[in-house]
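What follows is protein.tsv (TSV, C-alpha atoms).
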```
chain	number	residue	atom	x	y	z
D	1	MET	CA	4.36	-61.54	-43.41
D	2	PHE	CA	5.73	-58.88	-41.03
D	3	TRP	CA	2.38	-57.06	-41.12
D	4	CYS	CA	0.51	-60.26	-40.18
D	5	ALA	CA	2.86	-60.90	-37.26
D	6	PHE	CA	2.42	-57.30	-36.07
D	7	VAL	CA	-1.37	-57.56	-36.16
D	8	ILE	CA	-1.36	-60.84	-34.20
D	9	LEU	CA	0.98	-59.34	-31.58
D	10	PHE	CA	-1.16	-56.19	-31.31
D	11	LEU	CA	-4.34	-58.21	-30.78
D	12	ALA	CA	-2.66	-60.44	-28.21
D	13	LEU	CA	-1.41	-57.44	-26.27
D	14	GLY	CA	-4.74	-55.68	-26.60
D	15	ASN	CA	-6.53	-58.58	-24.90
D	16	GLU	CA	-4.17	-58.28	-21.94
D	17	LEU	CA	-4.50	-54.49	-21.48
D	18	HIS	CA	-7.68	-54.36	-19.37
D	19	LEU	CA	-8.55	-51.11	-17.68
D	20	SER	CA	-8.61	-51.58	-13.92
D	21	HIS	CA	-8.22	-49.58	-10.75
D	22	SER	CA	-8.53	-49.99	-7.02
D	23	THR	CA	-10.47	-48.02	-4.43
D	24	GLU	CA	-8.27	-46.95	-1.51
D	25	VAL	CA	-9.66	-45.23	1.59
D	26	SER	CA	-8.52	-44.43	5.11
D	27	VAL	CA	-10.83	-43.62	8.02
D	28	ASN	CA	-9.58	-41.74	11.08
D	29	ASN	CA	-11.01	-41.79	14.59
D	30	THR	CA	-11.92	-38.82	16.79
D	31	GLU	CA	-8.23	-38.41	17.64
D	32	ASN	CA	-7.46	-38.11	13.91
D	33	LYS	CA	-5.59	-41.43	13.91
D	34	LEU	CA	-6.09	-44.20	11.35
D	35	CYS	CA	-8.67	-46.73	12.58
D	36	LEU	CA	-9.88	-48.39	9.35
D	37	TYR	CA	-8.17	-48.99	6.00
D	38	ALA	CA	-9.30	-50.49	2.69
D	39	ASN	CA	-7.77	-50.98	-0.75
D	40	LEU	CA	-9.86	-53.22	-2.99
D	41	MET	CA	-11.72	-53.77	-6.26
D	42	VAL	CA	-15.45	-54.48	-6.55
D	43	ASN	CA	-17.45	-55.25	-9.70
D	44	PHE	CA	-21.25	-55.00	-9.67
D	45	SER	CA	-23.78	-56.74	-11.91
D	46	VAL	CA	-27.38	-55.57	-11.44
D	47	THR	CA	-30.46	-56.74	-13.33
D	48	TYR	CA	-33.34	-54.24	-13.37
D	49	GLU	CA	-36.71	-53.75	-15.07
D	50	VAL	CA	-36.95	-51.60	-18.21
D	51	GLY	CA	-40.49	-52.50	-19.27
D	52	VAL	CA	-43.29	-55.03	-18.90
D	53	ASN	CA	-41.63	-58.45	-18.56
D	54	LYS	CA	-38.40	-56.90	-19.83
D	55	SER	CA	-35.15	-56.30	-17.99
D	56	GLU	CA	-31.55	-55.38	-18.61
D	57	THR	CA	-28.29	-56.12	-16.81
D	58	VAL	CA	-25.68	-53.45	-16.21
D	59	LEU	CA	-22.08	-54.00	-15.15
D	60	PHE	CA	-20.10	-51.31	-13.31
D	61	VAL	CA	-17.29	-50.97	-10.80
D	62	LEU	CA	-16.74	-49.33	-7.45
D	63	PRO	CA	-15.08	-46.06	-8.51
D	64	GLU	CA	-11.80	-44.67	-7.26
D	65	ASN	CA	-13.45	-41.52	-5.92
D	66	VAL	CA	-15.76	-42.34	-3.03
D	67	THR	CA	-16.83	-40.70	0.22
D	68	THR	CA	-16.41	-42.21	3.68
D	69	GLU	CA	-19.06	-40.15	5.45
D	70	GLY	CA	-20.93	-42.39	7.88
D	71	SER	CA	-17.93	-44.65	8.60
D	72	THR	CA	-17.34	-45.31	12.32
D	73	CYS	CA	-14.70	-46.93	14.53
D	74	ASN	CA	-15.54	-48.35	17.95
D	75	ASN	CA	-13.95	-50.87	20.30
D	76	THR	CA	-15.86	-53.95	19.11
D	77	THR	CA	-17.73	-52.73	16.03
D	78	SER	CA	-16.71	-50.71	13.00
D	79	THR	CA	-18.44	-49.57	9.84
D	80	LEU	CA	-16.88	-48.74	6.49
D	81	LYS	CA	-19.36	-46.75	4.38
D	82	LEU	CA	-18.37	-45.83	0.84
D	83	GLY	CA	-20.69	-43.48	-1.00
D	84	PHE	CA	-20.51	-42.94	-4.75
D	85	GLY	CA	-22.49	-41.68	-7.72
D	86	ASP	CA	-26.08	-40.56	-7.37
D	87	GLY	CA	-27.22	-42.17	-4.13
D	88	HIS	CA	-25.24	-45.44	-4.17
D	89	SER	CA	-23.36	-46.85	-1.19
D	90	TRP	CA	-21.35	-49.90	-0.19
D	91	VAL	CA	-21.22	-50.62	3.56
D	92	VAL	CA	-19.05	-53.18	5.37
D	93	GLU	CA	-19.87	-54.05	8.99
D	94	PHE	CA	-17.06	-55.42	11.21
D	95	THR	CA	-17.16	-57.00	14.68
D	96	LYS	CA	-14.28	-57.97	16.98
D	97	ASP	CA	-13.66	-60.32	19.87
D	98	ASN	CA	-10.48	-60.60	21.93
D	99	LYS	CA	-8.11	-61.98	19.25
D	100	THR	CA	-9.86	-61.76	15.88
D	101	TYR	CA	-12.27	-59.70	13.86
D	102	GLN	CA	-14.57	-60.46	10.93
D	103	VAL	CA	-16.93	-58.99	8.34
D	104	ASP	CA	-20.51	-59.58	9.42
D	105	SER	CA	-22.20	-58.18	6.34
D	106	ILE	CA	-21.86	-56.10	3.19
D	107	VAL	CA	-24.86	-53.93	2.31
D	108	PHE	CA	-24.99	-52.58	-1.24
D	109	THR	CA	-27.53	-49.81	-1.84
D	110	TYR	CA	-28.27	-48.66	-5.39
D	111	ASN	CA	-30.51	-45.92	-6.76
D	112	LEU	CA	-32.49	-47.03	-9.81
D	113	ASN	CA	-33.27	-43.37	-10.55
D	114	ASP	CA	-29.62	-42.84	-11.59
D	115	SER	CA	-30.04	-42.85	-15.38
D	116	SER	CA	-26.28	-42.68	-15.95
D	117	ILE	CA	-26.11	-46.32	-14.79
D	118	PHE	CA	-29.66	-47.70	-14.95
D	119	THR	CA	-30.70	-46.56	-18.42
D	120	ASN	CA	-34.46	-46.75	-19.14
D	121	SER	CA	-35.26	-48.07	-15.65
D	122	THR	CA	-38.99	-48.13	-15.00
D	123	SER	CA	-38.39	-47.74	-11.26
D	124	ASN	CA	-36.99	-44.83	-9.28
D	125	GLU	CA	-36.61	-46.87	-6.10
D	126	THR	CA	-33.50	-47.13	-3.97
D	127	LYS	CA	-32.86	-50.80	-3.22
D	128	SER	CA	-30.49	-52.65	-0.90
D	129	VAL	CA	-29.11	-56.18	-0.76
D	130	THR	CA	-27.17	-57.75	2.10
D	131	ALA	CA	-24.37	-60.25	1.50
D	132	LYS	CA	-22.52	-62.28	4.10
D	133	PRO	CA	-19.00	-62.95	2.82
D	134	ARG	CA	-16.67	-65.49	4.38
D	135	ILE	CA	-14.17	-63.00	5.83
D	136	THR	CA	-13.56	-64.35	9.31
D	137	ASN	CA	-10.84	-65.07	11.86
D	138	VAL	CA	-8.71	-62.09	10.87
D	139	GLY	CA	-6.09	-61.59	13.53
D	140	VAL	CA	-6.25	-58.36	15.50
D	141	ASP	CA	-3.40	-56.06	14.42
D	142	THR	CA	-3.25	-57.78	11.00
D	143	TYR	CA	-4.85	-56.87	7.70
D	144	TYR	CA	-7.01	-59.20	5.58
D	145	SER	CA	-5.50	-59.95	2.16
D	146	CYS	CA	-7.21	-61.76	-0.71
D	147	LYS	CA	-6.19	-61.61	-4.37
D	148	SER	CA	-8.76	-64.23	-5.41
D	149	GLU	CA	-12.29	-63.35	-6.47
D	150	ASN	CA	-15.02	-63.47	-3.81
D	151	VAL	CA	-18.40	-63.64	-5.56
D	152	GLN	CA	-21.53	-62.65	-3.64
D	153	ARG	CA	-24.89	-63.22	-5.36
D	154	VAL	CA	-28.07	-61.91	-3.74
D	155	GLU	CA	-31.35	-61.58	-5.65
D	156	SER	CA	-30.64	-59.63	-8.87
D	157	VAL	CA	-27.22	-58.38	-7.76
D	158	THR	CA	-23.80	-60.01	-8.10
D	159	GLN	CA	-20.82	-58.44	-6.34
D	160	THR	CA	-17.30	-59.62	-7.14
D	161	LEU	CA	-14.54	-58.60	-4.71
D	162	TYR	CA	-10.87	-59.12	-5.59
D	163	ASP	CA	-7.41	-57.76	-4.77
D	164	VAL	CA	-8.79	-56.98	-1.31
D	165	THR	CA	-6.82	-55.43	1.54
D	166	LEU	CA	-8.86	-54.61	4.64
D	167	GLN	CA	-7.94	-53.68	8.18
D	168	ALA	CA	-10.40	-52.72	10.87
D	169	PHE	CA	-9.63	-51.88	14.51
D	170	VAL	CA	-6.25	-50.40	13.62
D	171	THR	CA	-4.09	-49.75	16.68
D	172	ASN	CA	-1.34	-47.16	17.04
D	173	GLY	CA	-2.71	-45.21	14.10
D	174	SER	CA	-0.86	-47.12	11.36
D	175	LYS	CA	-1.69	-50.05	9.09
D	176	SER	CA	-0.14	-53.37	10.10
D	177	ASP	CA	2.69	-55.00	8.14
D	178	THR	CA	1.32	-58.47	8.95
D	179	ASP	CA	-1.46	-60.03	6.91
D	180	THR	CA	-4.10	-62.72	7.35
D	181	VAL	CA	-4.34	-64.36	3.91
D	182	CYS	CA	-7.66	-65.75	2.67
D	183	ALA	CA	-8.04	-69.50	2.16
D	184	ALA	CA	-8.47	-69.12	-1.62
D	185	ASP	CA	-5.01	-67.57	-1.97
D	186	LEU	CA	-3.39	-70.18	0.26
D	187	THR	CA	-4.77	-73.17	-1.68
D	188	SER	CA	-4.58	-71.98	-5.26
D	189	THR	CA	-2.46	-69.25	-6.73
D	190	THR	CA	0.76	-68.92	-4.80
D	191	VAL	CA	2.25	-68.21	-8.24
D	192	ALA	CA	0.30	-65.69	-10.31
D	193	PRO	CA	-1.08	-67.32	-13.48
D	194	THR	CA	0.53	-65.37	-16.31
D	195	THR	CA	0.21	-67.98	-19.05
D	196	THR	CA	-2.81	-70.00	-20.08
D	197	VAL	CA	-2.06	-73.28	-21.84
D	198	ILE	CA	-4.79	-74.77	-23.98
D	199	THR	CA	-4.44	-77.82	-26.20
D	200	THR	CA	-6.79	-79.81	-28.40
D	201	ALA	CA	-6.00	-83.47	-28.65
D	202	ALA	CA	-7.30	-86.97	-28.18
D	203	PRO	CA	-8.56	-87.56	-24.62
D	204	THR	CA	-5.70	-87.81	-22.13
D	205	SER	CA	-7.53	-87.37	-18.83
D	206	THR	CA	-8.17	-90.00	-16.18
D	207	PRO	CA	-9.66	-93.07	-17.89
D	208	THR	CA	-11.60	-94.21	-14.80
D	209	LEU	CA	-14.22	-91.49	-15.31
D	210	PRO	CA	-16.73	-91.66	-18.16
D	211	THR	CA	-16.86	-88.83	-20.67
D	212	PRO	CA	-18.76	-85.94	-19.00
D	213	THR	CA	-22.38	-85.47	-19.97
D	214	THR	CA	-22.90	-82.51	-22.29
D	215	GLY	CA	-24.92	-79.78	-20.59
D	216	ASN	CA	-26.92	-76.99	-22.23
D	217	TYR	CA	-26.71	-73.70	-20.33
D	218	SER	CA	-28.25	-70.31	-21.05
D	219	ILE	CA	-28.82	-66.93	-19.42
D	220	ALA	CA	-31.88	-64.79	-20.16
D	221	PRO	CA	-32.59	-61.24	-18.91
D	222	ASN	CA	-35.91	-62.44	-17.49
D	223	PHE	CA	-38.20	-65.47	-17.46
D	224	ASN	CA	-40.15	-64.52	-20.58
D	225	SER	CA	-37.23	-63.44	-22.76
D	226	THR	CA	-34.92	-65.41	-25.03
D	227	ALA	CA	-31.33	-66.21	-24.14
D	228	CYS	CA	-28.60	-63.56	-24.24
D	229	LEU	CA	-25.82	-66.08	-23.47
D	230	MET	CA	-25.68	-69.72	-24.55
D	231	ALA	CA	-23.20	-72.50	-23.86
D	232	THR	CA	-23.08	-76.24	-24.32
D	233	PHE	CA	-20.24	-78.52	-23.20
D	234	GLY	CA	-19.17	-81.42	-21.05
D	235	LEU	CA	-16.79	-80.44	-18.25
D	236	ARG	CA	-14.19	-82.30	-16.22
D	237	ILE	CA	-11.91	-80.77	-13.60
D	238	GLY	CA	-8.54	-82.13	-12.56
D	239	PHE	CA	-7.03	-80.81	-9.33
D	240	LYS	CA	-4.10	-81.50	-7.05
D	241	GLN	CA	-4.39	-82.53	-3.43
D	242	GLY	CA	-0.85	-82.77	-2.18
D	243	ASP	CA	0.99	-85.09	-4.56
D	244	LYS	CA	-2.22	-86.72	-5.76
D	245	VAL	CA	-4.25	-85.64	-8.81
D	246	GLU	CA	-8.03	-86.07	-8.60
D	247	THR	CA	-10.68	-85.62	-11.30
D	248	ILE	CA	-14.37	-84.82	-11.11
D	249	ASN	CA	-17.12	-84.38	-13.71
D	250	LEU	CA	-19.73	-81.62	-13.69
D	251	VAL	CA	-23.21	-83.20	-13.73
D	252	PRO	CA	-25.58	-80.93	-15.72
D	253	SER	CA	-28.77	-82.32	-14.14
D	254	ALA	CA	-27.47	-81.38	-10.67
D	255	THR	CA	-26.16	-77.94	-11.66
D	256	ASN	CA	-27.79	-74.54	-11.12
D	257	VAL	CA	-27.21	-71.86	-13.75
D	258	SER	CA	-26.90	-68.12	-13.12
D	259	GLY	CA	-25.05	-65.15	-14.53
D	260	ALA	CA	-25.52	-61.87	-16.34
D	261	CYS	CA	-25.28	-60.40	-19.83
D	262	GLY	CA	-23.64	-57.04	-20.37
D	263	VAL	CA	-22.47	-54.93	-23.25
D	264	ASN	CA	-18.75	-55.50	-22.71
D	265	SER	CA	-18.72	-58.32	-20.16
D	266	SER	CA	-20.92	-61.37	-19.50
D	267	ASN	CA	-20.78	-64.07	-16.81
D	268	LEU	CA	-21.89	-67.69	-16.73
D	269	ILE	CA	-21.95	-69.24	-13.25
D	270	LEU	CA	-22.49	-72.99	-12.76
D	271	THR	CA	-23.05	-74.30	-9.24
D	272	SER	CA	-23.40	-77.88	-8.01
D	273	ASP	CA	-22.81	-79.53	-4.63
D	274	THR	CA	-19.16	-80.11	-5.50
D	275	ILE	CA	-18.26	-77.50	-8.15
D	276	THR	CA	-18.75	-73.75	-8.55
D	277	ILE	CA	-17.30	-72.19	-11.67
D	278	MET	CA	-17.66	-68.69	-13.11
D	279	PHE	CA	-16.77	-67.94	-16.73
D	280	THR	CA	-16.21	-64.26	-17.51
D	281	PHE	CA	-16.34	-63.27	-21.18
D	282	SER	CA	-15.17	-59.93	-22.57
D	283	ASN	CA	-16.15	-58.10	-25.73
D	284	ASP	CA	-13.86	-55.61	-27.47
D	285	SER	CA	-16.60	-54.72	-30.03
D	286	LYS	CA	-15.04	-56.92	-32.74
D	287	LYS	CA	-14.26	-60.17	-30.94
D	288	PHE	CA	-15.31	-61.90	-27.74
D	289	TYR	CA	-13.12	-64.18	-25.67
D	290	LEU	CA	-12.97	-65.95	-22.31
D	291	HIS	CA	-11.20	-63.47	-20.05
D	292	ALA	CA	-11.36	-65.07	-16.58
D	293	LEU	CA	-12.18	-68.27	-14.72
D	294	ASN	CA	-12.96	-68.70	-11.02
D	295	VAL	CA	-13.28	-72.29	-9.80
D	296	THR	CA	-14.12	-73.86	-6.42
D	297	VAL	CA	-14.09	-77.64	-5.95
D	298	LYS	CA	-15.39	-79.34	-2.81
D	299	PRO	CA	-13.91	-82.85	-2.87
D	300	ALA	CA	-15.31	-85.72	-0.82
D	301	THR	CA	-12.21	-85.62	1.38
D	302	GLY	CA	-9.69	-82.91	2.08
D	303	ALA	CA	-9.84	-79.13	1.92
D	304	ASP	CA	-11.73	-77.16	-0.69
D	305	VAL	CA	-9.71	-76.27	-3.79
D	306	PHE	CA	-9.80	-72.73	-5.17
D	307	ALA	CA	-8.32	-71.45	-8.43
D	308	ASP	CA	-8.74	-68.36	-10.53
D	309	ASN	CA	-7.12	-66.88	-13.61
D	310	THR	CA	-7.97	-63.38	-14.83
D	311	ASN	CA	-5.28	-63.25	-17.49
D	312	MET	CA	-6.89	-65.21	-20.32
D	313	SER	CA	-7.84	-64.57	-23.95
D	314	ILE	CA	-9.11	-67.89	-25.32
D	315	TRP	CA	-12.26	-69.19	-27.06
D	316	ALA	CA	-12.15	-66.11	-29.28
D	317	ALA	CA	-14.58	-65.47	-32.15
D	318	ALA	CA	-16.15	-62.51	-33.91
D	319	VAL	CA	-19.04	-60.85	-32.09
D	320	GLY	CA	-22.25	-62.17	-33.63
D	321	SER	CA	-20.80	-65.65	-34.09
D	322	SER	CA	-20.18	-68.57	-31.72
D	323	TYR	CA	-17.05	-70.51	-30.77
D	324	MET	CA	-17.07	-74.29	-31.19
D	325	CYS	CA	-14.65	-77.11	-30.41
D	326	ASN	CA	-15.88	-80.69	-30.57
D	327	LYS	CA	-12.50	-82.12	-29.61
D	328	GLU	CA	-11.42	-82.42	-26.00
D	329	GLN	CA	-9.63	-79.27	-24.88
D	330	THR	CA	-7.21	-79.19	-21.98
D	331	LEU	CA	-7.06	-75.82	-20.24
D	332	THR	CA	-4.46	-75.19	-17.52
D	333	VAL	CA	-6.06	-72.64	-15.19
D	334	THR	CA	-3.35	-72.68	-12.51
D	335	GLN	CA	-0.59	-75.04	-11.44
D	336	THR	CA	-3.10	-76.88	-9.24
D	337	LEU	CA	-6.20	-77.07	-11.42
D	338	THR	CA	-6.96	-78.07	-15.02
D	339	LEU	CA	-10.20	-77.97	-17.03
D	340	TYR	CA	-11.17	-80.48	-19.73
D	341	THR	CA	-14.01	-79.48	-22.07
D	342	PHE	CA	-15.88	-81.76	-24.48
D	343	LYS	CA	-18.13	-80.79	-27.42
D	344	LEU	CA	-17.83	-77.11	-26.52
D	345	ARG	CA	-19.90	-74.33	-28.08
D	346	VAL	CA	-20.34	-70.87	-26.54
D	347	GLN	CA	-21.86	-67.54	-27.54
D	348	PRO	CA	-21.82	-64.90	-24.78
D	349	PHE	CA	-22.87	-61.94	-26.95
D	350	GLY	CA	-25.20	-61.24	-29.87
D	351	VAL	CA	-27.53	-64.23	-29.43
D	352	GLU	CA	-30.64	-63.93	-31.60
D	353	LYS	CA	-33.87	-65.94	-31.31
D	354	GLY	CA	-32.27	-68.27	-28.77
D	355	GLU	CA	-30.07	-69.95	-31.37
D	356	PHE	CA	-26.31	-70.23	-31.87
D	357	ALA	CA	-24.90	-68.17	-34.73
D	358	THR	CA	-22.37	-69.46	-37.27
D	359	ALA	CA	-19.48	-71.08	-35.44
D	360	HIS	CA	-15.76	-70.38	-35.49
D	361	ASP	CA	-14.25	-73.86	-35.21
D	362	CYS	CA	-11.21	-74.40	-33.00
D	363	SER	CA	-9.60	-76.46	-35.80
D	364	LEU	CA	-8.87	-73.13	-37.51
D	365	ASP	CA	-6.62	-72.27	-34.55
D	366	ASP	CA	-4.96	-75.70	-34.37
D	367	THR	CA	-1.25	-75.43	-35.19
D	368	SER	CA	-1.09	-79.22	-35.60
D	369	ILE	CA	-3.13	-78.69	-38.77
D	370	LEU	CA	-1.51	-75.42	-39.78
D	371	ILE	CA	2.08	-76.67	-39.68
D	372	PRO	CA	1.56	-79.55	-42.18
D	373	VAL	CA	-0.26	-77.15	-44.50
D	374	ILE	CA	2.67	-74.72	-44.38
D	375	VAL	CA	5.20	-77.50	-44.90
D	376	GLY	CA	3.17	-78.90	-47.80
D	377	ALA	CA	2.92	-75.48	-49.41
D	378	ALA	CA	6.68	-74.98	-49.03
D	379	LEU	CA	7.39	-78.37	-50.62
D	380	ALA	CA	5.01	-77.58	-53.49
D	381	CYS	CA	6.84	-74.29	-54.11
D	382	LEU	CA	10.19	-76.09	-54.01
D	383	ILE	CA	9.00	-78.69	-56.53
D	384	LEU	CA	7.65	-75.92	-58.78
D	385	ILE	CA	11.02	-74.11	-58.66
D	386	VAL	CA	12.86	-77.33	-59.56
D	387	VAL	CA	10.51	-77.99	-62.49
D	388	ILE	CA	10.88	-74.43	-63.79
D	389	ALA	CA	14.68	-74.63	-63.48
D	390	TYR	CA	14.66	-77.95	-65.33
D	391	VAL	CA	12.53	-76.57	-68.17
D	392	ILE	CA	14.72	-73.49	-68.52
D	393	GLY	CA	17.84	-75.68	-68.52
D	394	ARG	CA	16.39	-77.93	-71.23
D	395	ARG	CA	15.48	-74.96	-73.42
D	396	LYS	CA	18.98	-73.53	-73.16
D	397	THR	CA	20.45	-76.91	-74.12
D	398	TYR	CA	18.08	-77.17	-77.08
D	399	VAL	CA	18.98	-73.68	-78.32
D	400	GLY	CA	22.67	-74.57	-78.04
D	401	TYR	CA	22.24	-77.64	-80.27
D	402	GLN	CA	20.40	-75.56	-82.93
D	403	THR	CA	23.24	-73.02	-83.04
D	404	LEU	CA	25.77	-75.76	-83.74
```

Written as structure tokens, how would this file's structure read?
Amino acid sequence: MFWCAFVILFLALGNELHLSHSTEVSVNNTENKLCLYANLMVNFSVTYEVGVNKSETVLFVLPENVTTEGSTCNNTTSTLKLGFGDGHSWVVEFTKDNKTYQVDSIVFTYNLNDSSIFTNSTSNETKSVTAKPRITNVGVDTYYSCKSENVQRVESVTQTLYDVTLQAFVTNGSKSDTDTVCAADLTSTTVAPTTTVITTAAPTSTPTLPTPTTGNYSIAPNFNSTACLMATFGLRIGFKQGDKVETINLVPSATNVSGACGVNSSNLILTSDTITIMFTFSNDSKKFYLHALNVTVKPATGADVFADNTNMSIWAAAVGSSYMCNKEQTLTVTQTLTLYTFKLRVQPFGVEKGEFATAHDCSLDDTSILIPVIVGAALACLILIVVIAYVIGRRKTYVGYQTL
């Protein structure tokens, strides 16, 4: 029993110990004073050709060790250029007016001839994509702060920025102590989500909405290949606006599907006019699980609602199998946003021939079933002990009578 408890604890802790790091750089001006500062994390997902009608997707991060050669600081424009690896660069362009500054563009340049990242690439080109993130109205003499994920998708490249601290146009040669916080942090996670609550029960969500339509979603490396990630579910989102709780269903027929498949991490991104949600799955070689969720809801009235949770380890199953739960599941993402899933089945790794593998059913994880089984087993053992004691007692009595 102790060994079982130890194994469960070890696995739980192992899912939380994710290797991560930040990239921190400082750029000085011609007077050798600080003029530009950055401390941030960036994940890249790039799909590239490896053969005729065949492609692969690679996931990698902006490393800790980068160069800043080519970075510049001027009165109204600044450039942060981070070079890394074999011919890769990540460039942020800033502009400033009288009271605020902003990021105009992020240009990511990657060298497909770098075999350490782009294994078996059929191209040796150096390509660039330009993203236009929503980093605006940052007060002069303040730094931009954003813990939430900022996902930029352009062509075959997805960039995910998070835990971002940026300050351009630094005055007096030192980083400011005052921040301009991004909208996503202000409206969602004022308290860091450290616990994910998931329950399986009879439907308890708002009765005014019909049960969400079940959607079938898949990601394939290219148009002519079979799926590498498959998911099917109905989805409802509950979110708070002030003291009021609203609910909205995801409509599969009005939803665009994107994402990427990797060796250790895969993403499924669903985008409609009102909902954008990114599921990030991790693979520890033995099991896969849902590691992170990033959700944006655009309600008919009121401000957009943002929520993310990168501290999850749910929907777990052995690699090569799928995870299934036909019951409604209630998943608390943050204090302000809840997901409800219906007729769920996912397989983010090891898909073969475009079909789901054998499923791990969520009922096997349901303590509402496990507890009665344990209690029943305990009662059966107790009854057996009583019967054995009774038989032994009767035999002793019988032997006593024979002696007399």

Checklist entry - What lies within 12 Å of Lys244 (chain D) using all atoms listed in the file, ignoring chain neighbours under 6 positions off, as a list in words? => result Gly238, Gly302, Thr336 and Leu337 of chain D

Would you save the residues from that selection as a compact mmCIF listing (two decimals), in the frame of the given file, using C-alpha atoms?
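Just written: out25.txt:
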```
# COMPACT_ATOMS: atom_id res chain seq x y z
CA GLY D 238 -8.54 -82.13 -12.56
CA GLY D 302 -9.69 -82.91 2.08
CA THR D 336 -3.10 -76.88 -9.24
CA LEU D 337 -6.20 -77.07 -11.42
```

Checklist entry - Using all atoms listed in the file, which residue out of D:Thr208, D:Ser258, D:Thr72, D:Asn222 lies closest to Glu246 (chain D)? => result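 Checking each candidate against Glu246 (chain D), we get D:Thr208 as the closest.
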
Checklist entry - So, counting only C-alpha atoms, which residue among D:Val346, D:Ala317, D:Val61, D:Val151 is closest to Gly215 (chain D)? => result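 Of the candidates, the smallest distance to Gly215 (chain D) is held by D:Val346.
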
Please list as a PDB file with C-alpha atoms, in the coordinates of the input every residue within 12 Å of region 167-178 of chain D, counting all atoms listed in the file and excluding residues in the same chain fewer than 3 positions away.
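That gives us selection09.pdb:
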```pdb
ATOM      1  CA  GLU D  24      -8.270 -46.950  -1.510  1.00  0.00           C
ATOM      2  CA  VAL D  25      -9.660 -45.230   1.590  1.00  0.00           C
ATOM      3  CA  SER D  26      -8.520 -44.430   5.110  1.00  0.00           C
ATOM      4  CA  VAL D  27     -10.830 -43.620   8.020  1.00  0.00           C
ATOM      5  CA  ASN D  28      -9.580 -41.740  11.080  1.00  0.00           C
ATOM      6  CA  ASN D  29     -11.010 -41.790  14.590  1.00  0.00           C
ATOM      7  CA  THR D  30     -11.920 -38.820  16.790  1.00  0.00           C
ATOM      8  CA  GLU D  31      -8.230 -38.410  17.640  1.00  0.00           C
ATOM      9  CA  ASN D  32      -7.460 -38.110  13.910  1.00  0.00           C
ATOM     10  CA  LYS D  33      -5.590 -41.430  13.910  1.00  0.00           C
ATOM     11  CA  LEU D  34      -6.090 -44.200  11.350  1.00  0.00           C
ATOM     12  CA  CYS D  35      -8.670 -46.730  12.580  1.00  0.00           C
ATOM     13  CA  LEU D  36      -9.880 -48.390   9.350  1.00  0.00           C
ATOM     14  CA  TYR D  37      -8.170 -48.990   6.000  1.00  0.00           C
ATOM     15  CA  ALA D  38      -9.300 -50.490   2.690  1.00  0.00           C
ATOM     16  CA  ASN D  39      -7.770 -50.980  -0.750  1.00  0.00           C
ATOM     17  CA  LEU D  40      -9.860 -53.220  -2.990  1.00  0.00           C
ATOM     18  CA  SER D  71     -17.930 -44.650   8.600  1.00  0.00           C
ATOM     19  CA  THR D  72     -17.340 -45.310  12.320  1.00  0.00           C
ATOM     20  CA  CYS D  73     -14.700 -46.930  14.530  1.00  0.00           C
ATOM     21  CA  ASN D  74     -15.540 -48.350  17.950  1.00  0.00           C
ATOM     22  CA  ASN D  75     -13.950 -50.870  20.300  1.00  0.00           C
ATOM     23  CA  THR D  76     -15.860 -53.950  19.110  1.00  0.00           C
ATOM     24  CA  THR D  77     -17.730 -52.730  16.030  1.00  0.00           C
ATOM     25  CA  SER D  78     -16.710 -50.710  13.000  1.00  0.00           C
ATOM     26  CA  THR D  79     -18.440 -49.570   9.840  1.00  0.00           C
ATOM     27  CA  LEU D  80     -16.880 -48.740   6.490  1.00  0.00           C
ATOM     28  CA  VAL D  92     -19.050 -53.180   5.370  1.00  0.00           C
ATOM     29  CA  GLU D  93     -19.870 -54.050   8.990  1.00  0.00           C
ATOM     30  CA  PHE D  94     -17.060 -55.420  11.210  1.00  0.00           C
ATOM     31  CA  THR D  95     -17.160 -57.000  14.680  1.00  0.00           C
ATOM     32  CA  LYS D  96     -14.280 -57.970  16.980  1.00  0.00           C
ATOM     33  CA  ASP D  97     -13.660 -60.320  19.870  1.00  0.00           C
ATOM     34  CA  ASN D  98     -10.480 -60.600  21.930  1.00  0.00           C
ATOM     35  CA  LYS D  99      -8.110 -61.980  19.250  1.00  0.00           C
ATOM     36  CA  THR D 100      -9.860 -61.760  15.880  1.00  0.00           C
ATOM     37  CA  TYR D 101     -12.270 -59.700  13.860  1.00  0.00           C
ATOM     38  CA  GLN D 102     -14.570 -60.460  10.930  1.00  0.00           C
ATOM     39  CA  VAL D 103     -16.930 -58.990   8.340  1.00  0.00           C
ATOM     40  CA  ILE D 135     -14.170 -63.000   5.830  1.00  0.00           C
ATOM     41  CA  VAL D 138      -8.710 -62.090  10.870  1.00  0.00           C
ATOM     42  CA  GLY D 139      -6.090 -61.590  13.530  1.00  0.00           C
ATOM     43  CA  VAL D 140      -6.250 -58.360  15.500  1.00  0.00           C
ATOM     44  CA  ASP D 141      -3.400 -56.060  14.420  1.00  0.00           C
ATOM     45  CA  THR D 142      -3.250 -57.780  11.000  1.00  0.00           C
ATOM     46  CA  TYR D 143      -4.850 -56.870   7.700  1.00  0.00           C
ATOM     47  CA  TYR D 144      -7.010 -59.200   5.580  1.00  0.00           C
ATOM     48  CA  SER D 145      -5.500 -59.950   2.160  1.00  0.00           C
ATOM     49  CA  VAL D 164      -8.790 -56.980  -1.310  1.00  0.00           C
ATOM     50  CA  VAL D 181      -4.340 -64.360   3.910  1.00  0.00           C
TER      51      VAL D 181
END
```

Item to check | Distance query Tyr323 (chain D) at most 7 Å, all atoms listed in the file, self and fewer than 2 positions along chain excluded, as a PyMOL selection string | outcome: chain D and resi 315-317+321+345-347+359-361
